[in-house]
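Asker: The structure's right below; bear with me while I get my questions together.
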Amino acid sequence: MSLQGYSAEVLDLLARAPGAGRPDGVGWVSGEAREPLTATHVRFHLQASAGRIAAARYEVRGCPHTIALAALAAAWLPGRAPAEVVLDVRALAARLQAPIGKLGRFLVVQEAIGAAALQLAGRPA
Amino acid sequence: MSLQGYSAEVLDLLARAPGAGRPDGVGWVSGEAREPLTATHVRFHLQASAGRIAAARYEVRGCPHTIALAALAAAWLPGRAPAEVVLDVRALAARLQAPIGKLGRFLVVQEAIGAAALQLAGRPA
Amino acid sequence: MSAPPLYFDHAATTPLDPRVRAAMFASLDAAPGNPSATHAAGRAARERVEEARAEVGALLGAPAAAIVFTSGATEADNLAILGAGRARPGGHVVSLRTEHRAVLDACRRLEREGHRLTLLTPARDGRVDPAAIAAVLGPTTTLVSVMLVNNETGVIQDIAAIAAECRRRGVLLHVDAAQAAGRVPLDVSVLEADLVSLSAHKIHGPVGVGALYVRREPRPALQPLLVGGGQEGGLRPGTLPVHQLVGMGAAFRLARISGPAEAAALGLLRDRLWSALADLPGTYLNGHPTARAPHILNVSFEGVDGEALLAGLGGLIVASGAACGAESGEPSYVLRALGRDDALAQASLRFSLGRGQTAPEVDAAAAQVREVVLRLRSLAPA
Amino acid sequence: MSAPPLYFDHAATTPLDPRVRAAMFASLDAAPGNPSATHAAGRAARERVEEARAEVGALLGAPAAAIVFTSGATEADNLAILGAGRARPGGHVVSLRTEHRAVLDACRRLEREGHRLTLLTPARDGRVDPAAIAAVLGPTTTLVSVMLVNNETGVIQDIAAIAAECRRRGVLLHVDAAQAAGRVPLDVSVLEADLVSLSAHKIHGPVGVGALYVRREPRPALQPLLVGGGQEGGLRPGTLPVHQLVGMGAAFRLARISGPAEAAALGLLRDRLWSALADLPGTYLNGHPTARAPHILNVSFEGVDGEALLAGLGGLIVASGAACGAESGEPSYVLRALGRDDALAQASLRFSLGRGQTAPEVDAAAAQVREVVLRLRSLAPA
Ligand SMILES: Cc1ncc(COP(=O)(O)O)c(C=O)c1O
Ligand SMILES: Cc1ncc(COP(=O)(O)O)c(C=O)c1O
């Protein structure tokens, strides 16, 4: 019946979820990933321009740290090449003060981003 | 480290010990009894007149109930014949609200009185 | 932060009632009295202890002499189960998978000490059929332990019927009533239990004090957990914490006097809360729809993460199935025993109500929950 | 009754210090917080608990993490002895006949559970020679339990020397320090004990809370007495009674800050009391003349009945060897173990001093005792 305390940043990102939502314009690719045990489910939407990610949106069902990580990733992705989208999951976990047990869920975020990036990479720039 | 509460009568008799002391006149007989386990020690002094007990004094080392019983007995004895000096120990224990474990010590009081009375009975009236 | 958060976690612990507080303070301010001592202060302390004992007994319709004070329901559960089990080595013990950890772990300890253990799974509504218990009672069965009110779901078991089965076979019945006192009727002449665990802090008394009711006739033999000192008839040594016992007595007195009316009022609030949530799609009541204590409402929300739900409810203090027990991080074993999948067990909230709670608080809580659930669902992939 | 009786029974229990009282009341008035919960109130409760734990540890020079809270020293003694013994079945346990009942009865319980038990009799001055303990330690010895300060006589044992013998043979040492805290130095780096029992209410804290110090490195394995809940590192489950722990922390803080000066002052009062009694003929000091805690003075009076002596002292609250434990009615087993005959063991008074006691009170007590002793002797047959 209890949870660890959350950092102010996690609580803020959970409350605002900046960049969340399913985009409705054209030219977006999506990737998704799931982890059944915790019912974590992440979908990332990416838009590219000149071989770089131009915009990122996400949908997420997951714990506060997972939502916060998705939000951080969405802010971090624009400007990167699709091949560069490997999150430094350990550093981000430390920044978000996430317990070690959350790393598995963080990899779900990474996996969804990777899946979307793969599609971008497969497209003509 | 603890004791039962005492009735007001016991505390009063303990504090005053009416009739206690070793008489110094003549014509007294004495009887005594001991109970080694509790170091109870009782000595009764009786004086007779016309075949009846005329006065009673006592010395006592014992618990509050034993001291109280000795005091009650000393007040009750005058006027009795030496053959009548059997205390109603159970009734007195009830009156003094003594726990059942005290009956053994009460018999020490009885025994001392009996020993003194026996000497009275052996004398010419 | 704006307003202080609304407290909906009374099944975890309750605020001290001001009248209990006053009684405890008076006791703490009295002359120091070890109730085992016989000077005047000791006697006064003993009298206060015996009054408290009588008050605790009274709520159960039991004589004071049937009440053994402990440090809480955890200890009472242990004293009942380990105490009865160790006094009857090598027996068979029966309990439910939905019991409190103190009961389950004590049963498992007995199992390691050579007892046979049967843990039954209740029906999906949280209730166990007394016939299911009867079916596993055998000639070696020594003890059955079934709680009256479940601490997560509020589900009430049919103790009287279970007791009848136990009595028929000469089996002891222990009942954890930590969540039942002051909330549902608790008359031992109706329940017919041999051993009943109680706690003060679940009904606005102090934490750190509880009691075990031990039937008088026949009086079940118990091996004490603690030895040395002789207090509590040899069943529970240690200097008696008079202020704590006085607090428990005062809390049980209030429960006896105002419990029934209070339970009715809490039941209305609980229904109001459920009405305000039930029309959210994908919302499930956990536990039996009617056989339930008035102060607990347990609800699962489809499509949200339990931890995010709880974290989003900054203005509410409420328990979650997300991580029952800070260490484990696993979803509620109680809800899983009722057949909820991990996701629904985890995405559950236990609202528990207490003295002085109001309809506007309930409405505000419901509004917050609806908002957070809808918002989290809006974030989730379709 | 005239003036309220003078309290000389601090070894039984002490009045709550007003500063401890204030800390407890503040805690009781705080928002309800189950320290296992993680909402803000739960976190605040946990912080208060950890502060208290640190305070208790600090008096022992131990880290907070070495402190396990219990319901008192009785439970701490049981947890240490039963817990260490059951984790090492079939071993050999060594203790003294002058230990507190909680230690003796726990040792005897282990004996019934298949351990071998050696109970040593101290010398007539109440001290045990560390060599006498060393002499009985064998290859199967698992546990030695010796108290630091005896609760009846105040005699101090040479724990450091006993610990050295235990360490040499890899034997665990448990020390009941319920009467030692705040009265004599209690640094575990000096005492080198593995397990130390503590109580709050002997040093002006609340009744019903204590602690067991459990050495960290090496950390002795203990089988918990209670199971279910996981609190206190699994060694002691149950919702933590925050107000009680806060009270214990405050009491231990005061003991740490003012204990040494207070102990010196109490020692002077104790000496003053003894001087005022010692010239009565047939008056004997019980226990070692110098290796003694400052707050306890135990004196036997020849030629009087202990119960009558105590009953005559209406203006004093003092303990007596006459009936140690309300039930038994037998003279103090501790004094008998020191070679006092039944009569002298029974005709003993234990004066125990505490915070705020004054020289005029001591003088008044001595005068009362002299008067009653002389009067009872005057009643007795020569
Ligand atoms: C059903 C049940 N049993 C036992 C307990 C343990 O109670 P306590 O905190 O008094 O040890 C609780 C509360 O945590 C409970 O809800
Ligand atoms: C030496 C000793 N050990 C243990 C205890 C038991 O302490 P508590 O009352 O905290 O259980 C006491 C006090 O009664 C004591 O004096």
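Residues in the structure tokens are numbered from 1 in each chain, the chains being A, B, ... in the order shown, and ligands are numbered from 1 in the order shown.
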Can you pull out every residue within 6 Å of segment 305-313 of chain D, counting only C-alpha atoms, but drop anything in the same chain fewer than 3 positions away, and send it as a list of chain:residue names?
Answerer: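 My list of contacting residues is B:Gly62, B:Cys63, B:Pro64, D:Leu316, D:Ala322, D:Gln346, D:Ala347.
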Asker: Onto chain B, please fit chain A by least squares using all C-alpha atoms in order, then return the transformed chain as a compact mmCIF listing (two decimals) with N, CA and C atoms, in the first residue's frame.
Answerer:
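And here is the file that came out, result_28.txt:
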```
# COMPACT_ATOMS: atom_id res chain seq x y z
N MET A 1 7.69 -7.56 45.05
CA MET A 1 7.82 -6.19 45.54
C MET A 1 6.46 -5.62 45.86
N SER A 2 5.48 -6.45 46.10
CA SER A 2 4.19 -5.81 46.28
C SER A 2 3.36 -6.59 47.28
N LEU A 3 2.43 -5.90 47.80
CA LEU A 3 1.61 -6.45 48.88
C LEU A 3 0.17 -6.14 48.59
N GLN A 4 -0.69 -6.93 49.16
CA GLN A 4 -2.10 -6.61 49.05
C GLN A 4 -2.39 -5.33 49.82
N GLY A 5 -3.47 -4.68 49.46
CA GLY A 5 -3.89 -3.54 50.26
C GLY A 5 -4.39 -4.03 51.61
N TYR A 6 -4.35 -3.19 52.61
CA TYR A 6 -4.81 -3.57 53.94
C TYR A 6 -6.09 -2.84 54.25
N SER A 7 -6.91 -3.44 55.08
CA SER A 7 -8.12 -2.76 55.52
C SER A 7 -7.72 -1.65 56.49
N ALA A 8 -8.62 -0.69 56.64
CA ALA A 8 -8.36 0.42 57.56
C ALA A 8 -8.13 -0.12 58.97
N GLU A 9 -8.85 -1.17 59.34
CA GLU A 9 -8.70 -1.71 60.69
C GLU A 9 -7.30 -2.28 60.90
N VAL A 10 -6.81 -3.01 59.91
CA VAL A 10 -5.46 -3.57 60.02
C VAL A 10 -4.43 -2.45 60.16
N LEU A 11 -4.57 -1.44 59.32
CA LEU A 11 -3.59 -0.35 59.37
C LEU A 11 -3.65 0.36 60.72
N ASP A 12 -4.85 0.53 61.24
CA ASP A 12 -4.99 1.19 62.53
C ASP A 12 -4.38 0.34 63.64
N LEU A 13 -4.67 -0.96 63.63
CA LEU A 13 -4.12 -1.82 64.68
C LEU A 13 -2.60 -1.92 64.57
N LEU A 14 -2.10 -1.92 63.32
CA LEU A 14 -0.65 -1.95 63.12
C LEU A 14 -0.03 -0.68 63.70
N ALA A 15 -0.67 0.46 63.47
CA ALA A 15 -0.09 1.73 63.90
C ALA A 15 -0.14 1.87 65.43
N ARG A 16 -1.23 1.37 66.03
CA ARG A 16 -1.38 1.59 67.47
C ARG A 16 -0.93 0.38 68.29
N ALA A 17 -1.10 -0.80 67.76
CA ALA A 17 -0.80 -2.05 68.46
C ALA A 17 -1.30 -1.97 69.90
N PRO A 18 -2.60 -1.75 70.09
CA PRO A 18 -3.11 -1.58 71.45
C PRO A 18 -2.89 -2.86 72.27
N GLY A 19 -2.44 -2.68 73.48
CA GLY A 19 -2.21 -3.83 74.36
C GLY A 19 -0.88 -4.51 74.16
N ALA A 20 -0.03 -3.95 73.28
CA ALA A 20 1.27 -4.60 73.06
C ALA A 20 2.21 -4.27 74.21
N GLY A 21 3.19 -5.12 74.38
CA GLY A 21 4.23 -4.82 75.37
C GLY A 21 4.37 -5.96 76.36
N ARG A 22 5.49 -5.94 77.03
CA ARG A 22 5.79 -6.98 78.02
C ARG A 22 5.40 -6.41 79.38
N PRO A 23 4.48 -7.08 80.08
CA PRO A 23 4.01 -6.53 81.36
C PRO A 23 5.10 -6.63 82.42
N ASP A 24 5.13 -5.70 83.37
CA ASP A 24 6.18 -5.84 84.38
C ASP A 24 5.65 -6.12 85.78
N GLY A 25 4.36 -6.17 85.99
CA GLY A 25 3.82 -6.54 87.30
C GLY A 25 4.05 -8.02 87.61
N VAL A 26 3.45 -8.50 88.68
CA VAL A 26 3.58 -9.92 89.03
C VAL A 26 2.31 -10.66 88.62
N GLY A 27 2.36 -11.99 88.66
CA GLY A 27 1.17 -12.79 88.41
C GLY A 27 0.86 -12.97 86.93
N TRP A 28 1.82 -12.80 86.07
CA TRP A 28 1.60 -13.01 84.65
C TRP A 28 2.19 -14.36 84.23
N VAL A 29 1.52 -15.01 83.31
CA VAL A 29 2.10 -16.19 82.69
C VAL A 29 2.31 -15.88 81.20
N SER A 30 3.20 -16.62 80.58
CA SER A 30 3.50 -16.34 79.18
C SER A 30 3.50 -17.63 78.37
N GLY A 31 3.18 -17.48 77.11
CA GLY A 31 3.31 -18.59 76.17
C GLY A 31 3.83 -18.05 74.86
N GLU A 32 4.61 -18.85 74.16
CA GLU A 32 5.08 -18.30 72.89
C GLU A 32 5.07 -19.34 71.79
N ALA A 33 5.15 -18.86 70.57
CA ALA A 33 5.17 -19.76 69.41
C ALA A 33 5.90 -19.08 68.26
N ARG A 34 6.45 -19.88 67.38
CA ARG A 34 7.22 -19.36 66.24
C ARG A 34 6.87 -20.11 64.97
N GLU A 35 7.11 -19.46 63.89
CA GLU A 35 6.99 -20.11 62.58
C GLU A 35 8.24 -19.67 61.83
N PRO A 36 9.20 -20.58 61.65
CA PRO A 36 10.52 -20.14 61.17
C PRO A 36 10.51 -19.60 59.74
N LEU A 37 9.70 -20.17 58.87
CA LEU A 37 9.76 -19.77 57.46
C LEU A 37 9.55 -18.27 57.30
N THR A 38 8.56 -17.75 57.99
CA THR A 38 8.28 -16.33 57.86
C THR A 38 8.86 -15.55 59.04
N ALA A 39 9.60 -16.25 59.92
CA ALA A 39 10.18 -15.62 61.10
C ALA A 39 9.12 -14.97 61.99
N THR A 40 7.92 -15.51 61.92
CA THR A 40 6.86 -14.99 62.80
C THR A 40 7.13 -15.49 64.22
N HIS A 41 6.94 -14.60 65.18
CA HIS A 41 7.27 -14.92 66.57
C HIS A 41 6.27 -14.17 67.45
N VAL A 42 5.51 -14.92 68.26
CA VAL A 42 4.46 -14.30 69.07
C VAL A 42 4.61 -14.77 70.52
N ARG A 43 4.49 -13.83 71.42
CA ARG A 43 4.49 -14.19 72.84
C ARG A 43 3.27 -13.52 73.48
N PHE A 44 2.46 -14.31 74.18
CA PHE A 44 1.31 -13.74 74.87
C PHE A 44 1.53 -13.82 76.38
N HIS A 45 1.09 -12.77 77.08
CA HIS A 45 1.17 -12.70 78.53
C HIS A 45 -0.26 -12.58 79.06
N LEU A 46 -0.60 -13.45 80.00
CA LEU A 46 -1.97 -13.42 80.54
C LEU A 46 -1.91 -13.30 82.07
N GLN A 47 -2.91 -12.63 82.59
CA GLN A 47 -3.07 -12.50 84.04
C GLN A 47 -4.49 -12.98 84.35
N ALA A 48 -4.64 -13.77 85.40
CA ALA A 48 -5.95 -14.31 85.70
C ALA A 48 -6.49 -13.74 87.00
N SER A 49 -7.80 -13.84 87.11
CA SER A 49 -8.46 -13.42 88.35
C SER A 49 -9.78 -14.18 88.38
N ALA A 50 -10.03 -14.90 89.47
CA ALA A 50 -11.26 -15.68 89.65
C ALA A 50 -11.49 -16.64 88.49
N GLY A 51 -10.40 -17.30 88.08
CA GLY A 51 -10.54 -18.33 87.04
C GLY A 51 -10.79 -17.79 85.66
N ARG A 52 -10.71 -16.51 85.55
CA ARG A 52 -10.91 -15.90 84.22
C ARG A 52 -9.68 -15.07 83.88
N ILE A 53 -9.50 -14.85 82.62
CA ILE A 53 -8.40 -13.98 82.18
C ILE A 53 -8.79 -12.56 82.54
N ALA A 54 -7.86 -11.89 83.22
CA ALA A 54 -8.14 -10.51 83.63
C ALA A 54 -7.47 -9.50 82.71
N ALA A 55 -6.30 -9.88 82.19
CA ALA A 55 -5.58 -8.94 81.31
C ALA A 55 -4.70 -9.74 80.36
N ALA A 56 -4.47 -9.17 79.18
CA ALA A 56 -3.63 -9.83 78.18
C ALA A 56 -2.72 -8.81 77.53
N ARG A 57 -1.48 -9.18 77.38
CA ARG A 57 -0.52 -8.35 76.64
C ARG A 57 0.18 -9.26 75.64
N TYR A 58 0.86 -8.67 74.69
CA TYR A 58 1.53 -9.51 73.69
C TYR A 58 2.78 -8.82 73.16
N GLU A 59 3.68 -9.65 72.70
CA GLU A 59 4.81 -9.19 71.90
C GLU A 59 4.71 -9.94 70.57
N VAL A 60 5.04 -9.27 69.49
CA VAL A 60 4.85 -9.92 68.20
C VAL A 60 5.85 -9.42 67.18
N ARG A 61 6.37 -10.34 66.45
CA ARG A 61 7.07 -10.01 65.21
C ARG A 61 6.31 -10.74 64.12
N GLY A 62 5.77 -9.98 63.20
CA GLY A 62 5.01 -10.65 62.16
C GLY A 62 4.43 -9.63 61.20
N CYS A 63 3.66 -10.11 60.29
CA CYS A 63 3.10 -9.27 59.24
C CYS A 63 1.99 -8.41 59.83
N PRO A 64 1.50 -7.43 59.09
CA PRO A 64 0.46 -6.56 59.62
C PRO A 64 -0.78 -7.32 60.10
N HIS A 65 -1.16 -8.36 59.39
CA HIS A 65 -2.35 -9.11 59.81
C HIS A 65 -2.09 -9.83 61.12
N THR A 66 -0.88 -10.32 61.28
CA THR A 66 -0.55 -11.03 62.50
C THR A 66 -0.56 -10.08 63.70
N ILE A 67 0.01 -8.91 63.50
CA ILE A 67 0.01 -7.91 64.57
C ILE A 67 -1.43 -7.51 64.90
N ALA A 68 -2.22 -7.31 63.85
CA ALA A 68 -3.62 -6.91 64.07
C ALA A 68 -4.38 -8.01 64.81
N LEU A 69 -4.13 -9.23 64.45
CA LEU A 69 -4.82 -10.33 65.10
C LEU A 69 -4.43 -10.41 66.58
N ALA A 70 -3.14 -10.22 66.85
CA ALA A 70 -2.69 -10.25 68.23
C ALA A 70 -3.40 -9.15 69.04
N ALA A 71 -3.53 -7.98 68.43
CA ALA A 71 -4.19 -6.88 69.13
C ALA A 71 -5.66 -7.20 69.39
N LEU A 72 -6.34 -7.77 68.37
CA LEU A 72 -7.74 -8.13 68.56
C LEU A 72 -7.89 -9.18 69.65
N ALA A 73 -6.98 -10.14 69.62
CA ALA A 73 -7.06 -11.21 70.61
C ALA A 73 -6.86 -10.67 72.01
N ALA A 74 -5.88 -9.75 72.14
CA ALA A 74 -5.60 -9.20 73.47
C ALA A 74 -6.81 -8.45 74.03
N ALA A 75 -7.58 -7.85 73.12
CA ALA A 75 -8.78 -7.14 73.58
C ALA A 75 -9.91 -8.11 73.89
N TRP A 76 -9.89 -9.25 73.23
CA TRP A 76 -10.99 -10.20 73.35
C TRP A 76 -10.83 -11.14 74.55
N LEU A 77 -9.58 -11.37 74.93
CA LEU A 77 -9.31 -12.40 75.96
C LEU A 77 -9.88 -12.08 77.34
N PRO A 78 -9.75 -10.85 77.86
CA PRO A 78 -10.20 -10.61 79.24
C PRO A 78 -11.67 -11.01 79.44
N GLY A 79 -11.91 -11.72 80.52
CA GLY A 79 -13.26 -12.18 80.81
C GLY A 79 -13.49 -13.63 80.43
N ARG A 80 -12.59 -14.21 79.60
CA ARG A 80 -12.76 -15.62 79.18
C ARG A 80 -12.09 -16.56 80.20
N ALA A 81 -12.63 -17.74 80.23
CA ALA A 81 -11.96 -18.80 80.98
C ALA A 81 -10.81 -19.33 80.12
N PRO A 82 -9.73 -19.78 80.75
CA PRO A 82 -8.58 -20.29 79.99
C PRO A 82 -8.97 -21.38 79.00
N ALA A 83 -10.01 -22.13 79.32
CA ALA A 83 -10.39 -23.21 78.41
C ALA A 83 -11.12 -22.70 77.18
N GLU A 84 -11.52 -21.43 77.22
CA GLU A 84 -12.35 -20.89 76.13
C GLU A 84 -11.55 -20.11 75.08
N VAL A 85 -10.21 -20.13 75.23
CA VAL A 85 -9.46 -19.14 74.43
C VAL A 85 -9.14 -19.65 73.02
N VAL A 86 -10.11 -20.25 72.39
CA VAL A 86 -9.88 -20.65 71.01
C VAL A 86 -10.43 -19.57 70.09
N LEU A 87 -9.52 -18.92 69.39
CA LEU A 87 -9.93 -17.86 68.46
C LEU A 87 -10.68 -18.48 67.30
N ASP A 88 -11.65 -17.74 66.79
CA ASP A 88 -12.29 -18.19 65.55
C ASP A 88 -11.44 -17.62 64.40
N VAL A 89 -10.38 -18.36 64.09
CA VAL A 89 -9.35 -17.83 63.20
C VAL A 89 -9.92 -17.47 61.83
N ARG A 90 -10.82 -18.30 61.33
CA ARG A 90 -11.36 -18.00 59.99
C ARG A 90 -12.20 -16.74 60.00
N ALA A 91 -13.00 -16.59 61.04
CA ALA A 91 -13.84 -15.38 61.11
C ALA A 91 -12.96 -14.14 61.26
N LEU A 92 -11.92 -14.27 62.07
CA LEU A 92 -11.04 -13.11 62.26
C LEU A 92 -10.27 -12.79 60.98
N ALA A 93 -9.87 -13.83 60.27
CA ALA A 93 -9.18 -13.60 58.99
C ALA A 93 -10.10 -12.85 58.04
N ALA A 94 -11.37 -13.25 58.03
CA ALA A 94 -12.32 -12.57 57.15
C ALA A 94 -12.49 -11.11 57.58
N ARG A 95 -12.62 -10.91 58.90
CA ARG A 95 -12.79 -9.55 59.39
C ARG A 95 -11.61 -8.67 59.00
N LEU A 96 -10.41 -9.25 59.08
CA LEU A 96 -9.20 -8.48 58.77
C LEU A 96 -8.87 -8.50 57.27
N GLN A 97 -9.71 -9.13 56.49
CA GLN A 97 -9.49 -9.24 55.05
C GLN A 97 -8.10 -9.79 54.73
N ALA A 98 -7.72 -10.80 55.49
CA ALA A 98 -6.40 -11.39 55.29
C ALA A 98 -6.46 -12.43 54.20
N PRO A 99 -5.45 -12.48 53.35
CA PRO A 99 -5.43 -13.53 52.33
C PRO A 99 -5.28 -14.90 52.98
N ILE A 100 -5.69 -15.91 52.29
CA ILE A 100 -5.74 -17.26 52.82
C ILE A 100 -4.36 -17.72 53.30
N GLY A 101 -3.33 -17.22 52.63
CA GLY A 101 -1.97 -17.64 52.97
C GLY A 101 -1.55 -17.21 54.37
N LYS A 102 -2.33 -16.33 54.99
CA LYS A 102 -1.96 -15.84 56.31
C LYS A 102 -2.45 -16.75 57.43
N LEU A 103 -3.27 -17.74 57.10
CA LEU A 103 -3.87 -18.55 58.16
C LEU A 103 -2.81 -19.25 59.00
N GLY A 104 -1.73 -19.68 58.33
CA GLY A 104 -0.66 -20.36 59.07
C GLY A 104 -0.10 -19.47 60.17
N ARG A 105 0.06 -18.18 59.85
CA ARG A 105 0.62 -17.26 60.86
C ARG A 105 -0.40 -17.00 61.97
N PHE A 106 -1.67 -17.02 61.61
CA PHE A 106 -2.69 -16.79 62.62
C PHE A 106 -2.65 -17.91 63.65
N LEU A 107 -2.33 -19.11 63.17
CA LEU A 107 -2.27 -20.23 64.10
C LEU A 107 -1.10 -20.06 65.08
N VAL A 108 -0.08 -19.30 64.68
CA VAL A 108 1.02 -19.01 65.61
C VAL A 108 0.50 -18.16 66.78
N VAL A 109 -0.36 -17.20 66.46
CA VAL A 109 -0.97 -16.38 67.52
C VAL A 109 -1.79 -17.28 68.45
N GLN A 110 -2.60 -18.12 67.81
CA GLN A 110 -3.42 -19.04 68.60
C GLN A 110 -2.55 -19.92 69.50
N GLU A 111 -1.49 -20.40 68.94
CA GLU A 111 -0.62 -21.32 69.67
C GLU A 111 0.01 -20.62 70.89
N ALA A 112 0.43 -19.39 70.71
CA ALA A 112 1.04 -18.65 71.82
C ALA A 112 0.00 -18.41 72.92
N ILE A 113 -1.21 -18.06 72.51
CA ILE A 113 -2.27 -17.85 73.50
C ILE A 113 -2.56 -19.14 74.24
N GLY A 114 -2.65 -20.22 73.44
CA GLY A 114 -2.93 -21.53 74.04
C GLY A 114 -1.87 -21.92 75.05
N ALA A 115 -0.60 -21.67 74.69
CA ALA A 115 0.50 -22.04 75.58
C ALA A 115 0.40 -21.26 76.89
N ALA A 116 0.06 -19.98 76.78
CA ALA A 116 -0.08 -19.18 78.00
C ALA A 116 -1.29 -19.66 78.82
N ALA A 117 -2.38 -19.93 78.13
CA ALA A 117 -3.60 -20.35 78.83
C ALA A 117 -3.39 -21.66 79.56
N LEU A 118 -2.58 -22.53 78.96
CA LEU A 118 -2.30 -23.81 79.57
C LEU A 118 -1.64 -23.63 80.94
N GLN A 119 -0.77 -22.64 80.98
CA GLN A 119 -0.11 -22.38 82.26
C GLN A 119 -1.08 -21.83 83.29
N LEU A 120 -1.98 -20.98 82.79
CA LEU A 120 -3.01 -20.44 83.71
C LEU A 120 -3.85 -21.57 84.26
N ALA A 121 -4.25 -22.47 83.37
CA ALA A 121 -5.11 -23.58 83.77
C ALA A 121 -4.41 -24.46 84.79
N GLY A 122 -3.07 -24.53 84.69
CA GLY A 122 -2.31 -25.36 85.62
C GLY A 122 -2.14 -24.73 87.01
N ARG A 123 -2.56 -23.48 87.14
CA ARG A 123 -2.37 -22.78 88.42
C ARG A 123 -3.63 -22.88 89.28
N PRO A 124 -3.49 -22.71 90.54
CA PRO A 124 -4.67 -22.55 91.38
C PRO A 124 -5.37 -21.24 91.03
N ALA A 125 -6.66 -21.24 90.97
CA ALA A 125 -7.42 -20.05 90.60
C ALA A 125 -7.28 -18.95 91.65
```
Asker: Name the residues, by chain letter and number, that sit within 9 Å of ligand 2 using only C-alpha atoms and all ligand atoms, and give them as a PyMOL selection string.
Answerer: (chain C and resi 34+228-229+237-241) or (chain D and resi 11-13+70-77+99-103+147-152+176-180+197-202+207-211)
Asker: Specify as a VMD selection string all residues of chain C found within 9 Å of chain A, counting only C-alpha atoms.
Answerer: chain C and resid 303 to 312 318 to 327 329 331 to 332 342 to 343 346 350 376 to 382
Asker: What separation in Å, quoted to one decimal, exists between atom CA of Glu111 of chain C and atom 11 (O, counted along the ligand's line) of ligand 1?
Answerer: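 Value for the atom CA of Glu111 of chain C-atom 11 (O, counted along the ligand's line) of ligand 1 distance: 21.6 Å.
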Asker: As a PyMOL selection string, please: every residue in chain B that DSSP puts in helix (DSSP H, G or I).
Answerer: chain B and resi 8-16+64-76+82-84+89-95+100-121
Asker: Calculated over only C-alpha atoms and all ligand atoms, which of the candidates D:Ala365, D:Val49, D:Leu82, D:Val242 has the smallest distance to ligand 1?
Answerer: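 Residue with the minimum atom-to-atom distance to ligand 1: D:Val242.
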Asker: I need the strand (DSSP E or B) residues of chain B per DSSP on the backbone, written as a ChimeraX atom specification.
Answerer: /B:20,28-35,40-49,52-61
Asker: Tell me which protein, DNA and RNA residues are within 12 Å of Pro218 of chain D, counting only C-alpha atoms, leaving out same-chain ones fewer than 5 positions away, and put them as a PyMOL selection string.
Answerer: chain D and resi 66+167+170-172+192-195
Asker: If I take atom CA of Val227 of chain C and atom CA of His10 of chain D, how far is one from the other in Å, to one decimal?
Answerer: 22.8 Å
Asker: With only C-alpha atoms and all ligand atoms as the basis for distance, which of D:Ala26, D:Leu280, D:Ala65, D:Leu226 is at the shortest distance from ligand 1?
Answerer: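 The shortest atom-to-atom distance to ligand 1 comes from D:Leu226.
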Asker: To one decimal place, how far is atom CA of Asp9 of chain D from atom CA of Thr283 of chain D in Å?
Answerer: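 So the answer is 20.0 Å.
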Asker: So which one's closest to ligand 1, D:Ser36, D:Ser189, D:Ser145, D:Thr14? Using only C-alpha atoms and all ligand atoms, please.
Answerer: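 Under the stated criterion, the closest residue is D:Ser36.
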